[in-house]
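work-v3.cif (mmCIF, N, CA and C atoms and all ligand atoms) appears below.
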data_target
loop_
_atom_site.label_atom_id
_atom_site.label_comp_id
_atom_site.auth_asym_id
_atom_site.auth_seq_id
_atom_site.Cartn_x
_atom_site.Cartn_y
_atom_site.Cartn_z
N MET A 955 153.00 -35.42 133.20
CA MET A 955 153.86 -36.54 133.58
C MET A 955 154.89 -36.79 132.49
N THR A 956 156.14 -36.91 132.88
CA THR A 956 157.19 -37.10 131.87
C THR A 956 157.95 -38.40 132.11
N THR A 957 158.44 -38.95 131.02
CA THR A 957 159.27 -40.14 131.11
C THR A 957 160.69 -39.71 131.40
N TYR A 958 161.33 -40.34 132.30
CA TYR A 958 162.76 -40.05 132.44
C TYR A 958 163.51 -41.24 133.00
N ILE A 959 164.74 -41.34 132.56
CA ILE A 959 165.68 -42.30 133.13
C ILE A 959 166.69 -41.42 133.84
N ASP A 960 166.76 -41.45 135.13
CA ASP A 960 167.70 -40.56 135.80
C ASP A 960 169.01 -41.28 136.09
N SER A 961 169.96 -40.55 136.66
CA SER A 961 171.27 -41.16 136.89
C SER A 961 171.15 -42.29 137.92
N GLY A 962 170.15 -42.22 138.78
CA GLY A 962 169.93 -43.31 139.74
C GLY A 962 169.60 -44.61 139.05
N THR A 963 168.80 -44.52 137.98
CA THR A 963 168.43 -45.71 137.21
C THR A 963 169.68 -46.32 136.57
N GLU A 964 170.53 -45.45 136.02
CA GLU A 964 171.77 -45.94 135.40
C GLU A 964 172.67 -46.58 136.45
N LYS A 965 172.76 -45.96 137.61
CA LYS A 965 173.58 -46.53 138.69
C LYS A 965 173.03 -47.88 139.14
N LEU A 966 171.71 -47.97 139.21
CA LEU A 966 171.08 -49.23 139.61
C LEU A 966 171.44 -50.33 138.61
N ILE A 967 171.30 -50.03 137.32
CA ILE A 967 171.60 -51.05 136.30
C ILE A 967 173.07 -51.46 136.40
N LYS A 968 173.97 -50.47 136.55
CA LYS A 968 175.39 -50.80 136.64
C LYS A 968 175.69 -51.67 137.86
N TYR A 969 175.07 -51.31 138.97
CA TYR A 969 175.27 -52.07 140.22
C TYR A 969 174.87 -53.54 140.03
N LEU A 970 173.73 -53.75 139.38
CA LEU A 970 173.24 -55.11 139.20
C LEU A 970 174.03 -55.86 138.12
N VAL A 971 174.42 -55.15 137.06
CA VAL A 971 175.20 -55.77 135.97
C VAL A 971 176.57 -56.23 136.50
N VAL A 972 177.19 -55.42 137.36
CA VAL A 972 178.48 -55.82 137.95
C VAL A 972 178.30 -57.15 138.69
N LYS A 973 177.23 -57.25 139.45
CA LYS A 973 176.99 -58.48 140.20
C LYS A 973 176.86 -59.69 139.26
N VAL A 974 176.08 -59.53 138.20
CA VAL A 974 175.88 -60.66 137.29
C VAL A 974 177.19 -61.01 136.56
N LEU A 975 177.91 -60.00 136.07
CA LEU A 975 179.19 -60.26 135.38
C LEU A 975 180.15 -60.99 136.31
N ALA A 976 180.09 -60.65 137.60
CA ALA A 976 180.99 -61.25 138.59
C ALA A 976 180.51 -62.63 139.05
N GLY A 977 179.47 -63.14 138.42
CA GLY A 977 178.98 -64.47 138.77
C GLY A 977 178.06 -64.48 139.97
N HIS A 978 177.56 -63.31 140.36
CA HIS A 978 176.67 -63.23 141.51
C HIS A 978 175.23 -62.94 141.13
N GLY A 979 174.79 -63.56 140.05
CA GLY A 979 173.41 -63.39 139.60
C GLY A 979 172.41 -63.79 140.67
N TYR A 980 172.80 -64.74 141.51
CA TYR A 980 171.90 -65.18 142.59
C TYR A 980 171.57 -64.01 143.53
N ALA A 981 172.53 -63.09 143.71
CA ALA A 981 172.30 -61.94 144.60
C ALA A 981 171.23 -61.02 143.98
N VAL A 982 171.29 -60.86 142.66
CA VAL A 982 170.29 -60.04 141.96
C VAL A 982 168.91 -60.70 142.10
N GLN A 983 168.89 -62.01 141.91
CA GLN A 983 167.66 -62.77 142.05
C GLN A 983 167.08 -62.62 143.47
N ALA A 984 167.96 -62.70 144.46
CA ALA A 984 167.52 -62.60 145.87
C ALA A 984 166.95 -61.21 146.16
N VAL A 985 167.63 -60.16 145.69
CA VAL A 985 167.14 -58.80 145.91
C VAL A 985 165.78 -58.61 145.23
N TYR A 986 165.68 -59.16 144.03
CA TYR A 986 164.41 -59.10 143.29
C TYR A 986 163.28 -59.76 144.10
N GLU A 987 163.55 -60.97 144.56
CA GLU A 987 162.51 -61.70 145.29
C GLU A 987 162.14 -61.00 146.60
N HIS A 988 163.13 -60.36 147.20
CA HIS A 988 162.86 -59.65 148.45
C HIS A 988 162.04 -58.38 148.20
N ILE A 989 162.51 -57.55 147.27
CA ILE A 989 161.85 -56.26 147.06
C ILE A 989 160.53 -56.40 146.27
N VAL A 990 160.56 -57.18 145.22
CA VAL A 990 159.37 -57.28 144.35
C VAL A 990 158.34 -58.26 144.92
N ASN A 991 158.80 -59.44 145.32
CA ASN A 991 157.85 -60.46 145.78
C ASN A 991 157.69 -60.48 147.30
N GLU A 992 158.46 -59.63 147.98
CA GLU A 992 158.39 -59.52 149.43
C GLU A 992 158.64 -60.84 150.17
N VAL A 993 159.55 -61.63 149.63
CA VAL A 993 159.96 -62.86 150.32
C VAL A 993 160.89 -62.44 151.48
N SER A 994 160.77 -63.11 152.61
CA SER A 994 161.51 -62.67 153.80
C SER A 994 163.01 -62.95 153.66
N PRO A 995 163.84 -62.09 154.27
CA PRO A 995 165.29 -62.26 154.19
C PRO A 995 165.78 -63.63 154.69
N SER A 996 165.13 -64.18 155.72
CA SER A 996 165.64 -65.46 156.22
C SER A 996 165.41 -66.59 155.21
N VAL A 997 164.26 -66.56 154.54
CA VAL A 997 163.99 -67.57 153.50
C VAL A 997 165.02 -67.44 152.37
N LEU A 998 165.28 -66.20 151.96
CA LEU A 998 166.18 -65.97 150.83
C LEU A 998 167.63 -66.28 151.20
N ALA A 999 168.00 -65.94 152.44
CA ALA A 999 169.36 -66.21 152.89
C ALA A 999 169.62 -67.72 152.80
N HIS A 1000 168.65 -68.48 153.23
CA HIS A 1000 168.77 -69.93 153.18
C HIS A 1000 168.80 -70.42 151.73
N ARG A 1001 167.87 -69.89 150.93
CA ARG A 1001 167.74 -70.35 149.54
C ARG A 1001 169.00 -70.06 148.71
N TYR A 1002 169.63 -68.90 148.95
CA TYR A 1002 170.75 -68.51 148.09
C TYR A 1002 172.11 -68.58 148.78
N GLY A 1003 172.12 -69.14 149.99
CA GLY A 1003 173.40 -69.32 150.68
C GLY A 1003 174.12 -68.02 150.98
N MET A 1004 173.37 -67.03 151.40
CA MET A 1004 173.99 -65.76 151.78
C MET A 1004 173.48 -65.38 153.16
N SER A 1005 174.12 -64.37 153.79
CA SER A 1005 173.63 -63.97 155.11
C SER A 1005 172.51 -62.94 154.95
N LYS A 1006 171.66 -62.86 155.99
CA LYS A 1006 170.58 -61.86 155.97
C LYS A 1006 171.19 -60.46 155.91
N HIS A 1007 172.32 -60.32 156.59
CA HIS A 1007 173.04 -59.05 156.63
C HIS A 1007 173.46 -58.60 155.22
N GLN A 1008 174.01 -59.55 154.44
CA GLN A 1008 174.39 -59.24 153.06
C GLN A 1008 173.17 -58.80 152.25
N LEU A 1009 172.11 -59.57 152.36
CA LEU A 1009 170.90 -59.26 151.60
C LEU A 1009 170.36 -57.88 151.96
N ARG A 1010 170.39 -57.58 153.26
CA ARG A 1010 169.93 -56.25 153.69
C ARG A 1010 170.80 -55.15 153.08
N GLY A 1011 172.10 -55.41 153.04
CA GLY A 1011 173.03 -54.45 152.44
C GLY A 1011 172.71 -54.20 150.97
N TYR A 1012 172.50 -55.27 150.21
CA TYR A 1012 172.19 -55.13 148.78
C TYR A 1012 170.87 -54.37 148.59
N THR A 1013 169.89 -54.74 149.41
CA THR A 1013 168.57 -54.11 149.31
C THR A 1013 168.67 -52.61 149.58
N GLN A 1014 169.43 -52.29 150.62
CA GLN A 1014 169.60 -50.89 150.98
C GLN A 1014 170.24 -50.09 149.85
N ARG A 1015 171.26 -50.68 149.23
CA ARG A 1015 171.94 -49.99 148.13
C ARG A 1015 171.01 -49.78 146.94
N VAL A 1016 170.19 -50.78 146.67
CA VAL A 1016 169.24 -50.66 145.54
C VAL A 1016 168.24 -49.54 145.82
N ILE A 1017 167.74 -49.49 147.04
CA ILE A 1017 166.75 -48.46 147.38
C ILE A 1017 167.39 -47.07 147.37
N GLU A 1018 168.61 -46.97 147.86
CA GLU A 1018 169.33 -45.68 147.81
C GLU A 1018 169.45 -45.15 146.38
N LYS A 1019 169.79 -46.06 145.46
CA LYS A 1019 170.00 -45.64 144.08
C LYS A 1019 168.71 -45.21 143.39
N THR A 1020 167.61 -45.81 143.79
CA THR A 1020 166.35 -45.50 143.11
C THR A 1020 165.55 -44.41 143.83
N GLY A 1021 165.85 -44.18 145.09
CA GLY A 1021 165.21 -43.09 145.82
C GLY A 1021 164.04 -43.51 146.69
N SER A 1022 163.39 -44.63 146.36
CA SER A 1022 162.31 -45.09 147.22
C SER A 1022 162.05 -46.57 146.99
N GLU A 1023 161.39 -47.19 147.95
CA GLU A 1023 161.14 -48.61 147.82
C GLU A 1023 160.16 -48.88 146.68
N TRP A 1024 159.19 -47.98 146.55
CA TRP A 1024 158.20 -48.14 145.51
C TRP A 1024 158.85 -48.13 144.12
N ARG A 1025 159.77 -47.16 143.94
CA ARG A 1025 160.45 -47.02 142.66
C ARG A 1025 161.40 -48.20 142.42
N ALA A 1026 162.05 -48.64 143.49
CA ALA A 1026 162.95 -49.80 143.39
C ALA A 1026 162.16 -51.02 142.90
N LYS A 1027 160.98 -51.18 143.46
CA LYS A 1027 160.12 -52.31 143.11
C LYS A 1027 159.76 -52.26 141.62
N ALA A 1028 159.33 -51.09 141.17
CA ALA A 1028 158.91 -50.93 139.78
C ALA A 1028 160.09 -51.14 138.83
N LEU A 1029 161.23 -50.56 139.17
CA LEU A 1029 162.39 -50.67 138.28
C LEU A 1029 162.93 -52.10 138.24
N LEU A 1030 162.98 -52.75 139.40
CA LEU A 1030 163.48 -54.12 139.42
C LEU A 1030 162.57 -55.04 138.62
N ARG A 1031 161.27 -54.82 138.74
CA ARG A 1031 160.31 -55.64 138.01
C ARG A 1031 160.57 -55.50 136.50
N LEU A 1032 160.84 -54.30 136.09
CA LEU A 1032 161.06 -54.02 134.68
C LEU A 1032 162.44 -54.51 134.20
N LEU A 1033 163.48 -54.27 134.99
CA LEU A 1033 164.86 -54.45 134.51
C LEU A 1033 165.45 -55.84 134.74
N THR A 1034 165.02 -56.50 135.82
CA THR A 1034 165.70 -57.75 136.20
C THR A 1034 165.74 -58.81 135.10
N PRO A 1035 164.66 -59.02 134.33
CA PRO A 1035 164.76 -60.03 133.27
C PRO A 1035 165.89 -59.73 132.28
N TYR A 1036 166.11 -58.46 131.98
CA TYR A 1036 167.19 -58.08 131.05
C TYR A 1036 168.55 -58.27 131.71
N ILE A 1037 168.62 -57.91 132.98
CA ILE A 1037 169.90 -57.99 133.70
C ILE A 1037 170.35 -59.44 133.87
N LEU A 1038 169.40 -60.33 134.14
CA LEU A 1038 169.77 -61.73 134.35
C LEU A 1038 170.14 -62.44 133.05
N ARG A 1039 169.92 -61.77 131.92
CA ARG A 1039 170.32 -62.35 130.64
C ARG A 1039 171.81 -62.12 130.35
N VAL A 1040 172.43 -61.24 131.12
CA VAL A 1040 173.87 -60.97 130.95
C VAL A 1040 174.67 -62.20 131.38
N LYS A 1041 175.69 -62.53 130.60
CA LYS A 1041 176.50 -63.72 130.93
C LYS A 1041 177.67 -63.33 131.82
N PRO A 1042 177.92 -64.11 132.89
CA PRO A 1042 179.05 -63.81 133.77
C PRO A 1042 180.38 -63.89 133.01
N ILE A 1043 181.33 -63.05 133.39
CA ILE A 1043 182.68 -63.16 132.81
C ILE A 1043 183.64 -63.78 133.83
N ILE A 1044 183.24 -63.81 135.09
CA ILE A 1044 184.08 -64.44 136.10
C ILE A 1044 183.67 -65.90 136.24
N ILE A 1045 184.65 -66.76 136.04
CA ILE A 1045 184.40 -68.20 136.09
C ILE A 1045 185.09 -68.74 137.34
N PHE A 1046 184.32 -69.37 138.21
CA PHE A 1046 184.88 -69.90 139.45
C PHE A 1046 185.41 -71.30 139.23
N TYR A 1047 186.61 -71.55 139.75
CA TYR A 1047 187.08 -72.93 139.67
C TYR A 1047 187.57 -73.50 140.98
N GLY A 1048 186.99 -73.05 142.08
CA GLY A 1048 187.26 -73.69 143.38
C GLY A 1048 188.49 -73.14 144.09
N ASN A 1049 188.68 -73.53 145.33
CA ASN A 1049 189.81 -73.07 146.16
C ASN A 1049 189.90 -71.56 146.27
N GLY A 1050 188.75 -70.90 146.26
CA GLY A 1050 188.75 -69.45 146.40
C GLY A 1050 189.31 -68.74 145.18
N LYS A 1051 189.41 -69.46 144.07
CA LYS A 1051 189.99 -68.85 142.87
C LYS A 1051 188.97 -68.75 141.75
N ALA A 1052 189.21 -67.77 140.91
CA ALA A 1052 188.34 -67.56 139.76
C ALA A 1052 189.18 -66.99 138.64
N TYR A 1053 188.55 -66.91 137.47
CA TYR A 1053 189.26 -66.50 136.28
C TYR A 1053 188.35 -65.56 135.50
N CYS A 1054 188.92 -64.49 134.95
CA CYS A 1054 188.12 -63.56 134.17
C CYS A 1054 188.24 -63.93 132.70
N SER A 1055 187.14 -64.32 132.11
CA SER A 1055 187.19 -64.76 130.71
C SER A 1055 187.31 -63.56 129.76
N TYR A 1056 187.17 -62.36 130.29
CA TYR A 1056 187.24 -61.16 129.45
C TYR A 1056 188.69 -60.69 129.28
N CYS A 1057 189.46 -60.66 130.39
CA CYS A 1057 190.85 -60.20 130.29
C CYS A 1057 191.84 -61.33 130.58
N ARG A 1058 191.33 -62.50 130.90
CA ARG A 1058 192.14 -63.71 131.14
C ARG A 1058 193.04 -63.60 132.36
N GLU A 1059 192.66 -62.74 133.30
CA GLU A 1059 193.42 -62.67 134.54
C GLU A 1059 192.82 -63.60 135.58
N GLU A 1060 193.67 -64.05 136.50
CA GLU A 1060 193.16 -64.78 137.65
C GLU A 1060 192.63 -63.76 138.66
N VAL A 1061 191.54 -64.12 139.32
CA VAL A 1061 190.88 -63.18 140.24
C VAL A 1061 190.55 -63.94 141.52
N LEU A 1062 190.77 -63.30 142.67
CA LEU A 1062 190.32 -63.92 143.92
C LEU A 1062 188.80 -63.84 143.97
N VAL A 1063 188.18 -64.91 144.45
CA VAL A 1063 186.72 -64.94 144.52
C VAL A 1063 186.16 -63.72 145.25
N ALA A 1064 186.80 -63.38 146.37
CA ALA A 1064 186.32 -62.25 147.17
C ALA A 1064 186.47 -60.91 146.45
N LYS A 1065 187.26 -60.87 145.39
CA LYS A 1065 187.51 -59.61 144.66
C LYS A 1065 186.81 -59.59 143.31
N ALA A 1066 185.93 -60.55 143.07
CA ALA A 1066 185.31 -60.67 141.74
C ALA A 1066 184.59 -59.39 141.31
N GLU A 1067 183.76 -58.85 142.20
CA GLU A 1067 183.01 -57.63 141.83
C GLU A 1067 183.94 -56.43 141.68
N ASP A 1068 184.93 -56.35 142.57
CA ASP A 1068 185.94 -55.28 142.47
C ASP A 1068 186.62 -55.32 141.11
N HIS A 1069 186.99 -56.52 140.70
CA HIS A 1069 187.67 -56.69 139.42
C HIS A 1069 186.81 -56.15 138.27
N VAL A 1070 185.56 -56.58 138.25
CA VAL A 1070 184.66 -56.15 137.16
C VAL A 1070 184.47 -54.64 137.21
N ARG A 1071 184.23 -54.11 138.41
CA ARG A 1071 183.95 -52.69 138.57
C ARG A 1071 185.15 -51.83 138.15
N ARG A 1072 186.34 -52.28 138.52
CA ARG A 1072 187.52 -51.46 138.28
C ARG A 1072 188.13 -51.65 136.89
N LYS A 1073 188.15 -52.90 136.43
CA LYS A 1073 188.86 -53.16 135.17
C LYS A 1073 187.95 -53.17 133.94
N HIS A 1074 186.66 -53.32 134.16
CA HIS A 1074 185.78 -53.46 132.99
C HIS A 1074 184.62 -52.47 133.02
N LYS A 1075 184.97 -51.25 133.44
CA LYS A 1075 184.01 -50.15 133.50
C LYS A 1075 183.33 -49.92 132.15
N ASP A 1076 184.14 -49.98 131.08
CA ASP A 1076 183.59 -49.73 129.73
C ASP A 1076 182.57 -50.80 129.36
N LEU A 1077 182.91 -52.04 129.65
CA LEU A 1077 181.99 -53.13 129.36
C LEU A 1077 180.67 -52.95 130.12
N VAL A 1078 180.79 -52.59 131.40
CA VAL A 1078 179.60 -52.38 132.24
C VAL A 1078 178.74 -51.26 131.65
N ASN A 1079 179.40 -50.19 131.20
CA ASN A 1079 178.65 -49.07 130.61
C ASN A 1079 177.95 -49.46 129.31
N VAL A 1080 178.64 -50.22 128.47
CA VAL A 1080 178.04 -50.67 127.20
C VAL A 1080 176.81 -51.53 127.48
N ILE A 1081 176.94 -52.44 128.43
CA ILE A 1081 175.81 -53.33 128.76
C ILE A 1081 174.65 -52.52 129.34
N MET A 1082 174.99 -51.55 130.20
CA MET A 1082 173.95 -50.70 130.81
C MET A 1082 173.16 -49.96 129.72
N ARG A 1083 173.90 -49.38 128.74
CA ARG A 1083 173.23 -48.64 127.65
C ARG A 1083 172.36 -49.58 126.81
N LYS A 1084 172.88 -50.78 126.57
CA LYS A 1084 172.16 -51.76 125.76
C LYS A 1084 170.85 -52.14 126.46
N ILE A 1085 170.93 -52.36 127.76
CA ILE A 1085 169.73 -52.73 128.51
C ILE A 1085 168.72 -51.58 128.49
N LEU A 1086 169.20 -50.36 128.70
CA LEU A 1086 168.29 -49.21 128.66
C LEU A 1086 167.60 -49.12 127.30
N HIS A 1087 168.39 -49.33 126.26
CA HIS A 1087 167.85 -49.26 124.90
C HIS A 1087 166.78 -50.34 124.69
N GLU A 1088 167.11 -51.55 125.11
CA GLU A 1088 166.17 -52.67 124.96
C GLU A 1088 164.87 -52.40 125.72
N VAL A 1089 165.03 -51.87 126.92
CA VAL A 1089 163.87 -51.64 127.77
C VAL A 1089 163.01 -50.51 127.21
N MET A 1090 163.68 -49.48 126.71
CA MET A 1090 162.96 -48.30 126.25
C MET A 1090 162.23 -48.50 124.92
N SER A 1091 162.91 -49.13 123.93
CA SER A 1091 162.35 -49.05 122.59
C SER A 1091 160.99 -49.72 122.37
N PRO A 1092 160.86 -51.01 122.63
CA PRO A 1092 159.56 -51.58 122.25
C PRO A 1092 158.47 -51.35 123.27
N ARG A 1093 158.81 -50.82 124.41
CA ARG A 1093 157.82 -50.80 125.50
C ARG A 1093 157.65 -49.42 126.08
N ARG A 1094 157.72 -48.42 125.23
CA ARG A 1094 157.75 -47.05 125.72
C ARG A 1094 156.58 -46.74 126.68
N VAL A 1095 155.45 -47.24 126.32
CA VAL A 1095 154.27 -46.94 127.14
C VAL A 1095 154.41 -47.53 128.54
N GLU A 1096 154.86 -48.77 128.54
CA GLU A 1096 155.01 -49.45 129.82
C GLU A 1096 156.10 -48.77 130.66
N VAL A 1097 157.19 -48.38 130.02
CA VAL A 1097 158.28 -47.72 130.73
C VAL A 1097 157.78 -46.42 131.34
N ARG A 1098 157.00 -45.68 130.56
CA ARG A 1098 156.47 -44.41 131.06
C ARG A 1098 155.68 -44.66 132.34
N GLN A 1099 154.92 -45.72 132.30
CA GLN A 1099 154.11 -46.06 133.44
C GLN A 1099 154.97 -46.32 134.68
N TYR A 1100 156.15 -46.92 134.47
CA TYR A 1100 157.01 -47.24 135.59
C TYR A 1100 157.83 -46.07 136.08
N LEU A 1101 158.18 -45.17 135.15
CA LEU A 1101 159.22 -44.20 135.51
C LEU A 1101 158.72 -42.79 135.82
N VAL A 1102 157.43 -42.59 135.80
CA VAL A 1102 156.95 -41.23 136.12
C VAL A 1102 157.08 -40.96 137.61
ZN ZN A 1201 188.94 -59.15 133.72
#
Let me see the file written as structure tokens.
Amino acid sequence: MTTYIDSGTEKLIKYLVVKVLAGHGYAVQAVYEHIVNEVSPSVLAHRYGMSKHQLRGYTQRVIEKTGSEWRAKALLRLLTPYILRVKPIIIFYGNGKAYCSYCREEVLVAKAEDHVRRKHKDLVNVIMRKILHEVMSPRRVEVRQYLV
């Protein structure tokens, strides 16, 4: 049995980090509660003010990146606490408008994730590496258990 972090794991972290940077940490929380705690989509849709359709879309993308539901569950359990510690850079100020505190541009609310993904790729990569490093170093045994 070998320890490995594959490109799917990196893609998963980047996908979730973009959401948190864009101020959509609630979406990460909802996916976590759905996949890890098996809370139903209708409960979560209500709790987080999103549609069941959106939640299903996020869940599907997470499972695609990890390769299986079992692996998604294990990785989310391990990674989500680190991911939710990331501070958003998109600040919402109403009327469908938001502001990026990183580049100081105005951003449409509907384009928040696009903005982060396209303009702050380097930042997303740095945070992804930092999270991987944090997860790997003190808990190697536990990580091995999750990633085999
Ligand atoms: Zn920006």
Problem set entry | Within 7 Å of stretch 1021-1034 of chain A using only C-alpha atoms, minus same-chain residues under 2 positions, as a PyMOL selection string | chain A and resi 986+989-990+1016-1019+1036-1038+1100
Exercise. Between A:Val1070, A:Met1090, A:Met1082, A:Leu1009, which has the minimum distance to ligand ZN 1201 (chain A) (counting only N, CA and C atoms and all ligand atoms)?
Worked result: A:Val1070
For this session: Could you tell me, as a PyMOL selection string, which residues of chain A DSSP assigns to alpha helix (DSSP H) when given the backbone?
Result: chain A and resi 961-975+979-989+995-1002+1006-1020+1023-1037+1066-1073+1075-1090+1094-1101
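Interatomic distance, atom CA of A:Val1078 to atom N of A:Asn991: 25.6 Å.
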Exercise. Quick one: residues within 6.5 Å of ligand ZN 1201 (chain A), with all atoms listed in the file, as a PyMOL selection string?
Worked result: chain A and resi 1054-1059+1069-1070+1073-1074
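If only C-alpha atoms are the atoms counted, then among A:Glu987, A:Asp1068, A:Asp960, A:Glu1088 the closest residue to A:Arg1039 is A:Glu1088.
The shortest atom-to-atom distance to A:Leu1086, with all atoms listed in the file taken into account, belongs to A:Ile967 out of A:Arg1015, A:Ile967, A:Glu1067, A:Val972.
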Exercise. In Å, how far is it from atom CA of A:Lys1041 to atom CA of A:Lys973?
Worked result: 10.7 Å
